>>> print(open('run-v6.txt').read())   # compact mmCIF, C-alpha atoms
# COMPACT_ATOMS: atom_id res chain seq x y z
CA MET A 1 15.32 10.94 14.51
CA LYS A 2 16.36 7.28 14.37
CA THR A 3 15.52 4.28 12.19
CA ASP A 4 15.36 0.79 13.69
CA ASN A 5 15.04 -2.52 11.86
CA ILE A 6 12.57 -4.63 13.86
CA PHE A 7 11.18 -8.14 13.45
CA ILE A 8 7.77 -9.19 14.78
CA GLU A 9 5.45 -12.15 14.14
CA ASN A 10 2.13 -11.99 12.32
CA ARG A 11 -0.96 -14.02 13.24
CA LYS A 12 0.38 -16.98 11.25
CA GLY A 13 3.66 -17.05 13.15
CA LEU A 14 5.63 -15.68 10.20
CA LYS A 15 8.49 -13.26 10.80
CA MET A 16 7.84 -9.73 9.55
CA ALA A 17 10.49 -7.05 8.99
CA LEU A 18 9.76 -3.39 9.76
CA ARG A 19 11.66 -0.13 9.33
CA VAL A 20 10.55 2.09 12.19
CA THR A 21 11.60 5.75 12.02
CA THR A 22 10.82 7.75 15.15
CA ASP A 23 11.52 11.06 16.82
CA GLU A 24 10.42 11.80 20.38
CA SER A 25 9.13 15.20 19.26
CA ASN A 26 6.80 13.69 16.63
CA ASP A 27 3.17 13.25 17.63
CA LYS A 28 1.81 11.75 14.39
CA LEU A 29 2.04 8.21 13.02
CA VAL A 30 1.87 6.60 9.58
CA PHE A 31 1.98 2.98 8.40
CA LEU A 32 3.33 2.27 4.91
CA GLN A 33 2.73 -0.82 2.80
CA HIS A 34 4.41 -1.78 -0.48
CA GLY A 35 2.93 -3.57 -3.48
CA LEU A 36 2.81 -7.20 -4.68
CA GLY A 37 6.16 -8.97 -4.43
CA ALA A 38 7.90 -5.77 -3.34
CA ARG A 39 9.78 -4.55 -0.28
CA LYS A 40 9.96 -1.58 2.06
CA GLU A 41 13.18 -0.30 0.43
CA TYR A 42 11.67 0.26 -3.02
CA PRO A 43 12.37 3.84 -4.21
CA HIS A 44 8.75 4.98 -3.95
CA MET A 45 8.45 3.47 -0.46
CA LEU A 46 11.55 5.32 0.71
CA VAL A 47 10.13 8.54 -0.76
CA LEU A 48 6.93 8.00 1.24
CA GLU A 49 8.98 7.23 4.35
CA GLN A 50 11.16 10.32 4.00
CA GLU A 51 8.31 12.70 3.17
CA PHE A 52 6.16 11.62 6.10
CA ALA A 53 9.13 11.76 8.50
CA LYS A 54 10.00 15.24 7.24
CA HIS A 55 6.48 16.38 8.09
CA GLY A 56 6.52 15.22 11.70
CA TYR A 57 5.36 11.60 11.47
CA ASN A 58 6.75 8.53 13.15
CA VAL A 59 6.89 5.98 10.32
CA VAL A 60 6.35 2.22 10.29
CA ASN A 61 7.41 0.89 6.88
CA ILE A 62 6.27 -2.74 6.47
CA ASP A 63 7.72 -5.73 4.63
CA ALA A 64 4.62 -7.84 3.99
CA THR A 65 4.96 -11.61 4.20
CA ASP A 66 4.88 -13.81 1.09
CA SER A 67 6.89 -11.20 -0.82
CA LEU A 68 10.45 -10.78 -2.08
CA ASN A 69 11.86 -9.13 1.03
CA GLU A 70 13.11 -9.81 4.57
CA SER A 71 9.80 -11.18 5.85
CA GLU A 72 8.99 -14.88 5.76
CA SER A 73 6.68 -16.66 3.34
CA SER A 74 3.99 -19.29 3.77
CA ARG A 75 3.42 -22.43 1.70
CA GLY A 76 0.21 -20.99 0.26
CA GLY A 77 1.88 -17.83 -1.00
CA VAL A 78 0.66 -14.28 -1.37
CA THR A 79 -3.01 -13.25 -1.07
CA PHE A 80 -4.73 -9.91 -0.68
CA SER A 81 -6.22 -11.11 2.62
CA GLY A 82 -2.69 -11.79 3.83
CA PHE A 83 -1.66 -8.28 2.84
CA TRP A 84 -4.29 -6.44 4.84
CA GLN A 85 -3.98 -8.87 7.73
CA ASP A 86 -0.25 -8.11 7.92
CA LEU A 87 -1.10 -4.42 8.09
CA GLU A 88 -3.63 -5.09 10.84
CA ASP A 89 -1.10 -7.20 12.78
CA VAL A 90 1.53 -4.46 12.59
CA ILE A 91 -0.99 -1.89 13.86
CA LEU A 92 -1.85 -4.22 16.78
CA TRP A 93 1.88 -4.51 17.56
CA ALA A 94 2.31 -0.73 17.34
CA LYS A 95 -0.38 -0.28 20.00
CA THR A 96 2.16 -1.60 22.51
CA GLN A 97 4.74 1.05 21.54
CA LYS A 98 5.23 4.50 23.06
CA PHE A 99 4.90 6.23 19.68
CA TYR A 100 1.39 4.85 18.98
CA VAL A 101 -1.40 7.39 18.48
CA GLU A 102 -4.90 7.32 17.01
CA PRO A 103 -6.05 8.41 14.56
CA PHE A 104 -3.09 7.65 12.29
CA ALA A 105 -2.21 7.92 8.61
CA LEU A 106 -1.95 5.12 6.06
CA ALA A 107 -0.15 5.13 2.71
CA GLY A 108 0.71 2.41 0.23
CA GLN A 109 1.51 1.56 -3.36
CA SER A 110 -0.39 -0.86 -5.63
CA LEU A 111 -1.56 -3.87 -3.56
CA GLY A 112 -0.38 -1.95 -0.50
CA ALA A 113 -2.67 0.91 -1.56
CA GLU A 114 -5.46 -1.64 -1.84
CA ALA A 115 -4.74 -2.84 1.71
CA VAL A 116 -4.69 0.64 3.29
CA VAL A 117 -7.93 1.60 1.52
CA TYR A 118 -9.56 -1.61 2.72
CA TYR A 119 -8.35 -1.07 6.30
CA ALA A 120 -9.61 2.53 6.34
CA SER A 121 -13.01 1.39 5.06
CA GLN A 122 -13.26 -1.14 7.91
CA ASN A 123 -11.85 1.16 10.63
CA PRO A 124 -12.82 4.71 9.64
CA SER A 125 -12.41 6.25 13.10
CA LYS A 126 -8.78 5.08 13.36
CA VAL A 127 -7.52 6.76 10.16
CA ASN A 128 -7.34 10.52 9.57
CA LEU A 129 -5.14 10.60 6.43
CA LEU A 130 -5.08 8.11 3.57
CA VAL A 131 -2.63 8.24 0.65
CA PRO A 132 -3.20 5.41 -1.87
CA CYS A 133 -0.59 5.49 -4.65
CA ALA A 134 -1.18 3.57 -7.90
CA PHE A 135 -4.35 2.02 -6.43
CA PRO A 136 -5.01 -1.10 -8.56
CA TRP A 137 -8.65 -2.28 -8.41
CA LEU A 138 -12.09 -1.87 -6.85
CA ASP A 139 -13.86 -5.10 -7.81
CA GLY A 140 -11.90 -8.33 -7.41
CA LYS A 141 -13.84 -10.13 -10.13
CA ALA A 142 -13.05 -7.37 -12.63
CA GLU A 143 -9.40 -7.46 -11.54
CA ILE A 144 -9.20 -11.18 -12.34
CA GLN A 145 -10.70 -10.60 -15.79
CA ASN A 146 -8.36 -7.71 -16.62
CA ASN A 147 -5.05 -8.87 -15.17
CA LYS A 148 -2.61 -10.36 -17.67
CA ARG A 149 -1.33 -12.97 -15.20
CA THR A 150 -4.77 -14.59 -14.86
CA LYS A 151 -4.47 -16.72 -18.01
CA ASP A 152 -1.19 -18.26 -16.88
CA ILE A 153 -2.50 -18.96 -13.40
CA LEU A 154 -5.63 -20.66 -14.73
CA GLU A 155 -3.63 -22.74 -17.21
CA LYS A 156 -0.63 -23.69 -15.05
CA GLY A 157 -1.94 -23.10 -11.53
CA TYR A 158 0.63 -20.35 -10.90
CA PHE A 159 2.37 -17.29 -12.36
CA ASP A 160 6.04 -16.48 -11.77
CA GLN A 161 6.61 -12.75 -11.31
CA VAL A 162 10.25 -11.75 -11.68
CA SER A 163 11.56 -8.77 -9.72
CA ARG A 164 13.25 -6.33 -12.11
CA SER A 165 15.52 -5.03 -9.36
CA THR A 166 16.70 -8.34 -7.85
CA GLY A 167 15.90 -11.04 -10.41
CA ARG A 168 14.15 -13.07 -7.73
CA VAL A 169 10.91 -14.89 -8.58
CA LEU A 170 7.61 -14.59 -6.71
CA ARG A 171 5.25 -17.49 -7.43
CA ILE A 172 1.60 -16.37 -7.42
CA ASN A 173 -0.72 -19.35 -6.96
CA LYS A 174 -4.36 -19.81 -7.95
CA ASN A 175 -5.47 -19.16 -4.37
CA TYR A 176 -4.44 -15.54 -5.01
CA LEU A 177 -7.21 -15.28 -7.64
CA ASP A 178 -9.69 -17.14 -5.44
CA ASP A 179 -9.02 -14.70 -2.62
CA VAL A 180 -9.16 -11.52 -4.74
CA GLU A 181 -12.48 -12.64 -6.20
CA LYS A 182 -14.10 -12.34 -2.75
CA TYR A 183 -13.54 -8.58 -2.56
CA ASP A 184 -15.55 -5.69 -3.96
CA LEU A 185 -14.68 -2.36 -2.33
CA SER A 186 -17.14 -0.28 -4.36
CA GLU A 187 -19.57 0.19 -1.45
CA GLN A 188 -17.11 -0.16 1.40
CA VAL A 189 -14.99 2.83 0.37
CA LYS A 190 -17.97 5.08 1.08
CA ASN A 191 -17.32 4.39 4.79
CA ILE A 192 -13.94 6.15 4.67
CA THR A 193 -13.85 9.41 6.63
CA ALA A 194 -10.11 10.16 6.42
CA ASP A 195 -8.87 12.90 4.12
CA THR A 196 -7.92 10.80 1.10
CA HIS A 197 -5.36 11.83 -1.51
CA LEU A 198 -4.91 9.59 -4.56
CA ILE A 199 -1.76 9.60 -6.69
CA VAL A 200 -1.41 7.70 -9.97
CA GLY A 201 0.93 8.06 -12.94
CA LEU A 202 -0.39 8.58 -16.44
CA LYS A 203 2.13 5.99 -17.68
CA ASP A 204 0.38 3.40 -15.49
CA SER A 205 -2.12 1.05 -17.16
CA ASP A 206 -5.40 2.53 -18.41
CA TYR A 207 -7.16 0.06 -16.11
CA HIS A 208 -5.40 1.39 -13.00
CA ILE A 209 -5.96 5.01 -13.97
CA GLU A 210 -9.66 4.34 -14.51
CA ASN A 211 -9.95 2.61 -11.13
CA ASN A 212 -8.35 5.60 -9.41
CA LYS A 213 -10.90 7.86 -11.04
CA LYS A 214 -13.74 5.53 -10.00
CA LEU A 215 -12.46 5.40 -6.43
CA PHE A 216 -12.22 9.20 -6.35
CA GLU A 217 -15.85 9.50 -7.44
CA LEU A 218 -17.07 6.97 -4.86
CA LEU A 219 -15.28 8.55 -1.90
CA GLN A 220 -17.52 10.70 0.29
CA CYS A 221 -14.73 12.27 2.36
CA LYS A 222 -12.40 15.20 1.65
CA LYS A 223 -10.32 14.02 -1.28
CA SER A 224 -7.93 14.82 -4.11
CA LEU A 225 -6.60 13.01 -7.17
CA GLN A 226 -3.21 13.80 -8.73
CA LEU A 227 -2.40 12.40 -12.17
CA LEU A 228 1.36 12.48 -12.71
CA GLU A 229 2.68 13.06 -16.23
CA ASP A 230 5.15 10.47 -17.61
CA VAL A 231 5.09 8.47 -14.34
CA PRO A 232 4.56 4.66 -14.38
CA HIS A 233 3.18 2.25 -11.79
CA ASP A 234 6.47 2.24 -9.86
CA LEU A 235 6.23 6.05 -9.33
CA ALA A 236 9.91 6.76 -8.54
CA ASN A 237 11.94 4.57 -10.87
CA THR A 238 13.90 7.52 -12.36
CA PRO A 239 15.16 10.78 -10.82
CA GLU A 240 12.56 12.71 -12.82
CA ASN A 241 9.70 10.48 -11.67
CA LYS A 242 10.97 10.58 -8.08
CA GLU A 243 10.89 14.37 -8.14
CA GLU A 244 7.35 14.44 -9.53
CA PHE A 245 6.21 11.95 -6.88
CA GLU A 246 7.86 14.02 -4.13
CA ASN A 247 6.12 17.15 -5.43
CA ALA A 248 2.77 15.35 -5.39
CA LEU A 249 3.30 14.40 -1.75
CA GLU A 250 4.33 17.97 -0.91
CA ASN A 251 1.05 19.15 -2.45
CA ILE A 252 -0.78 16.86 -0.03
CA PHE A 253 1.06 18.16 3.02
CA ASP A 254 0.49 21.75 1.87
CA CYS A 255 -3.21 20.96 1.64
CA ILE A 256 -3.20 19.49 5.16
CA GLN A 257 -1.40 22.50 6.63
CA LYS A 258 -3.93 24.90 5.10
CA LYS A 259 -6.90 23.16 6.79
>>> encode(input="run-v6.txt", output="structure tokens")
Amino acid sequence: MKTDNIFIENRKGLKMALRVTTDESNDKLVFLQHGLGARKEYPHMLVLEQEFAKHGYNVVNIDATDSLNESESSRGGVTFSGFWQDLEDVILWAKTQKFYVEPFALAGQSLGAEAVVYYASQNPSKVNLLVPCAFPWLDGKAEIQNNKRTKDILEKGYFDQVSRSTGRVLRINKNYLDDVEKYDLSEQVKNITADTHLIVGLKDSDYHIENNKKLFELLQCKKSLQLLEDVPHDLANTPENKEEFENALENIFDCIQKK
């Protein structure tokens, strides 16, 4: 098994960084996407990477653009549309690689979970396993009303989100809200046919936990929902949380193997 650091361009001509872990004996594939302002090396992303690789997957771990990572940023800044489009662009690139197979798996955290759920709803035949972790919202309009950053964005035109791990600042502009407002996944998620396994921590916000429960009820595929005790939105920020997250993923793979 080897891990390569690769740079490609997205549809906007922005450089994207990928961690690609492959083994010639693996015949499965997963794409991973992090959350808002995050990076592929976050602890929970590395847990996802390692768990999927351990279970026979080639892994493409994505640094989305307009985030605090190795990928480039645009003048307009981060949007949800940009997030899922980056995922789509990486999948199109992967089609040119020897390790590419369909159907494939998708997993992500927070806004990355949102992106993989959206992609699976638009391309159900391409995805056979879906693992959204800390899924944030179903209805974009409700998300705008409930998110604490909305007030600042509406008053100042932007919100500065500071990374706790690096101290770097991600500026979220009003076009982020305008873009999110266009999306309501409540009906679209019923198109998903992949086995879907939701993971959310009970130390996450009540709003996120409720949206995971709503998503679980709406899904019409084979599904599971794991609520992790004492685990926050970041999922693996302490050794104890990391272990609980790893156990939740092991439960998913056990479920798959028993099919």
>>> closest_atom_pairs(input="run-v6.txt", of="range 138-243 of chain A", to="range 42-58 of chain A", cutoff="12 Å", atoms="all atoms listed in the file", output="JSON lines")
{"residue": "A:Ser163", "atom": "CA", "partner": "A:Tyr42", "partner_atom": "CA", "distance": 11.2}
{"residue": "A:Arg164", "atom": "CA", "partner": "A:Tyr42", "partner_atom": "CA", "distance": 11.3}
{"residue": "A:Ser165", "atom": "CA", "partner": "A:Tyr42", "partner_atom": "CA", "distance": 9.1}
{"residue": "A:Thr166", "atom": "CA", "partner": "A:Tyr42", "partner_atom": "CA", "distance": 11.1}
{"residue": "A:Ile199", "atom": "CA", "partner": "A:His44", "partner_atom": "CA", "distance": 11.8}
{"residue": "A:Val231", "atom": "CA", "partner": "A:His44", "partner_atom": "CA", "distance": 11.6}
{"residue": "A:Pro232", "atom": "CA", "partner": "A:His44", "partner_atom": "CA", "distance": 11.2}
{"residue": "A:His233", "atom": "CA", "partner": "A:His44", "partner_atom": "CA", "distance": 10.0}
{"residue": "A:Asp234", "atom": "CA", "partner": "A:His44", "partner_atom": "CA", "distance": 6.9}
{"residue": "A:Leu235", "atom": "CA", "partner": "A:His44", "partner_atom": "CA", "distance": 6.0}
{"residue": "A:Ala236", "atom": "CA", "partner": "A:His44", "partner_atom": "CA", "distance": 5.1}
{"residue": "A:Asn237", "atom": "CA", "partner": "A:Pro43", "partner_atom": "CA", "distance": 6.7}
{"residue": "A:Thr238", "atom": "CA", "partner": "A:Pro43", "partner_atom": "CA", "distance": 9.1}
{"residue": "A:Pro239", "atom": "CA", "partner": "A:Pro43", "partner_atom": "CA", "distance": 10.0}
{"residue": "A:Asn241", "atom": "CA", "partner": "A:His44", "partner_atom": "CA", "distance": 9.5}
{"residue": "A:Lys242", "atom": "CA", "partner": "A:His44", "partner_atom": "CA", "distance": 7.3}
{"residue": "A:Glu243", "atom": "CA", "partner": "A:Val47", "partner_atom": "CA", "distance": 9.4}
>>> atom_distance(input="run-v6.txt", atom1="CA of Lys15 in chain A", atom2="CA of Thr3 in chain A")
18.9 Å
>>> atom_distance(input="run-v6.txt", atom1="CA of His208 in chain A", atom2="CA of Phe80 in chain A")
16.7 Å
>>> residues_around(input="run-v6.txt", residues="Tyr183 in chain A", least_positions_apart="2", cutoff="12 Å", atoms="all atoms listed in the file", output="NGL selection string")
:A and (79-81 or 114-115 or 118 or 137-144 or 176-181 or 185-189)
>>> write_last_selection(input="run-v6.txt", atoms="C-alpha atoms", output="PDB file, keeping the file's coordinate frame")
ATOM      1  CA  THR A  79      -3.010 -13.250  -1.070  1.00  0.00           C
ATOM      2  CA  PHE A  80      -4.730  -9.910  -0.680  1.00  0.00           C
ATOM      3  CA  SER A  81      -6.220 -11.110   2.620  1.00  0.00           C
ATOM      4  CA  GLU A 114      -5.460  -1.640  -1.840  1.00  0.00           C
ATOM      5  CA  ALA A 115      -4.740  -2.840   1.710  1.00  0.00           C
ATOM      6  CA  TYR A 118      -9.560  -1.610   2.720  1.00  0.00           C
ATOM      7  CA  TRP A 137      -8.650  -2.280  -8.410  1.00  0.00           C
ATOM      8  CA  LEU A 138     -12.090  -1.870  -6.850  1.00  0.00           C
ATOM      9  CA  ASP A 139     -13.860  -5.100  -7.810  1.00  0.00           C
ATOM     10  CA  GLY A 140     -11.900  -8.330  -7.410  1.00  0.00           C
ATOM     11  CA  LYS A 141     -13.840 -10.130 -10.130  1.00  0.00           C
ATOM     12  CA  ALA A 142     -13.050  -7.370 -12.630  1.00  0.00           C
ATOM     13  CA  GLU A 143      -9.400  -7.460 -11.540  1.00  0.00           C
ATOM     14  CA  ILE A 144      -9.200 -11.180 -12.340  1.00  0.00           C
ATOM     15  CA  TYR A 176      -4.440 -15.540  -5.010  1.00  0.00           C
ATOM     16  CA  LEU A 177      -7.210 -15.280  -7.640  1.00  0.00           C
ATOM     17  CA  ASP A 178      -9.690 -17.140  -5.440  1.00  0.00           C
ATOM     18  CA  ASP A 179      -9.020 -14.700  -2.620  1.00  0.00           C
ATOM     19  CA  VAL A 180      -9.160 -11.520  -4.740  1.00  0.00           C
ATOM     20  CA  GLU A 181     -12.480 -12.640  -6.200  1.00  0.00           C
ATOM     21  CA  LEU A 185     -14.680  -2.360  -2.330  1.00  0.00           C
ATOM     22  CA  SER A 186     -17.140  -0.280  -4.360  1.00  0.00           C
ATOM     23  CA  GLU A 187     -19.570   0.190  -1.450  1.00  0.00           C
ATOM     24  CA  GLN A 188     -17.110  -0.160   1.400  1.00  0.00           C
ATOM     25  CA  VAL A 189     -14.990   2.830   0.370  1.00  0.00           C
TER      26      VAL A 189
END
>>> closest_residue(input="run-v6.txt", among="A:Lys203, A:His197, A:Lys258, A:Lys40", to="Ser224 in chain A", atoms="only C-alpha atoms")
A:His197
>>> atom_distance(input="run-v6.txt", atom1="CA of Gln33 in chain A", atom2="CA of Leu111 in chain A")
8.3 Å
>>> axis_aligned_box(input="run-v6.txt", around="range 29-39 of chain A", padding_each_side="5 Å", output="AutoDock Vina command-line options")
--center_x 5.8 --center_y -0.4 --center_z 4.2 --size_x 17.9 --size_y 27.2 --size_z 27.7
>>> residues_near_point(input="run-v6.txt", point="(-18.2, 8.0, 0.7)", cutoff="12 Å", atoms="all atoms listed in the file", output="MDAnalysis selection string")
chainID A and resid 120:121 124 185:196 214:223
>>> write_last_selection(input="run-v6.txt", atoms="C-alpha atoms", output="compact mmCIF listing (two decimals), in the frame of the given file")
# COMPACT_ATOMS: atom_id res chain seq x y z
CA ALA A 120 -9.61 2.53 6.34
CA SER A 121 -13.01 1.39 5.06
CA PRO A 124 -12.82 4.71 9.64
CA LEU A 185 -14.68 -2.36 -2.33
CA SER A 186 -17.14 -0.28 -4.36
CA GLU A 187 -19.57 0.19 -1.45
CA GLN A 188 -17.11 -0.16 1.40
CA VAL A 189 -14.99 2.83 0.37
CA LYS A 190 -17.97 5.08 1.08
CA ASN A 191 -17.32 4.39 4.79
CA ILE A 192 -13.94 6.15 4.67
CA THR A 193 -13.85 9.41 6.63
CA ALA A 194 -10.11 10.16 6.42
CA ASP A 195 -8.87 12.90 4.12
CA THR A 196 -7.92 10.80 1.10
CA LYS A 214 -13.74 5.53 -10.00
CA LEU A 215 -12.46 5.40 -6.43
CA PHE A 216 -12.22 9.20 -6.35
CA GLU A 217 -15.85 9.50 -7.44
CA LEU A 218 -17.07 6.97 -4.86
CA LEU A 219 -15.28 8.55 -1.90
CA GLN A 220 -17.52 10.70 0.29
CA CYS A 221 -14.73 12.27 2.36
CA LYS A 222 -12.40 15.20 1.65
CA LYS A 223 -10.32 14.02 -1.28
>>> closest_residue(input="run-v6.txt", among="A:Gly76, A:Leu32, A:Asp63, A:Ala38", to="Asn5 in chain A", atoms="all atoms listed in the file")
A:Asp63
>>> closest_residue(input="run-v6.txt", among="A:Arg11, A:Lys2, A:Lys213, A:His34", to="Gly112 in chain A", atoms="only C-alpha atoms")
A:His34
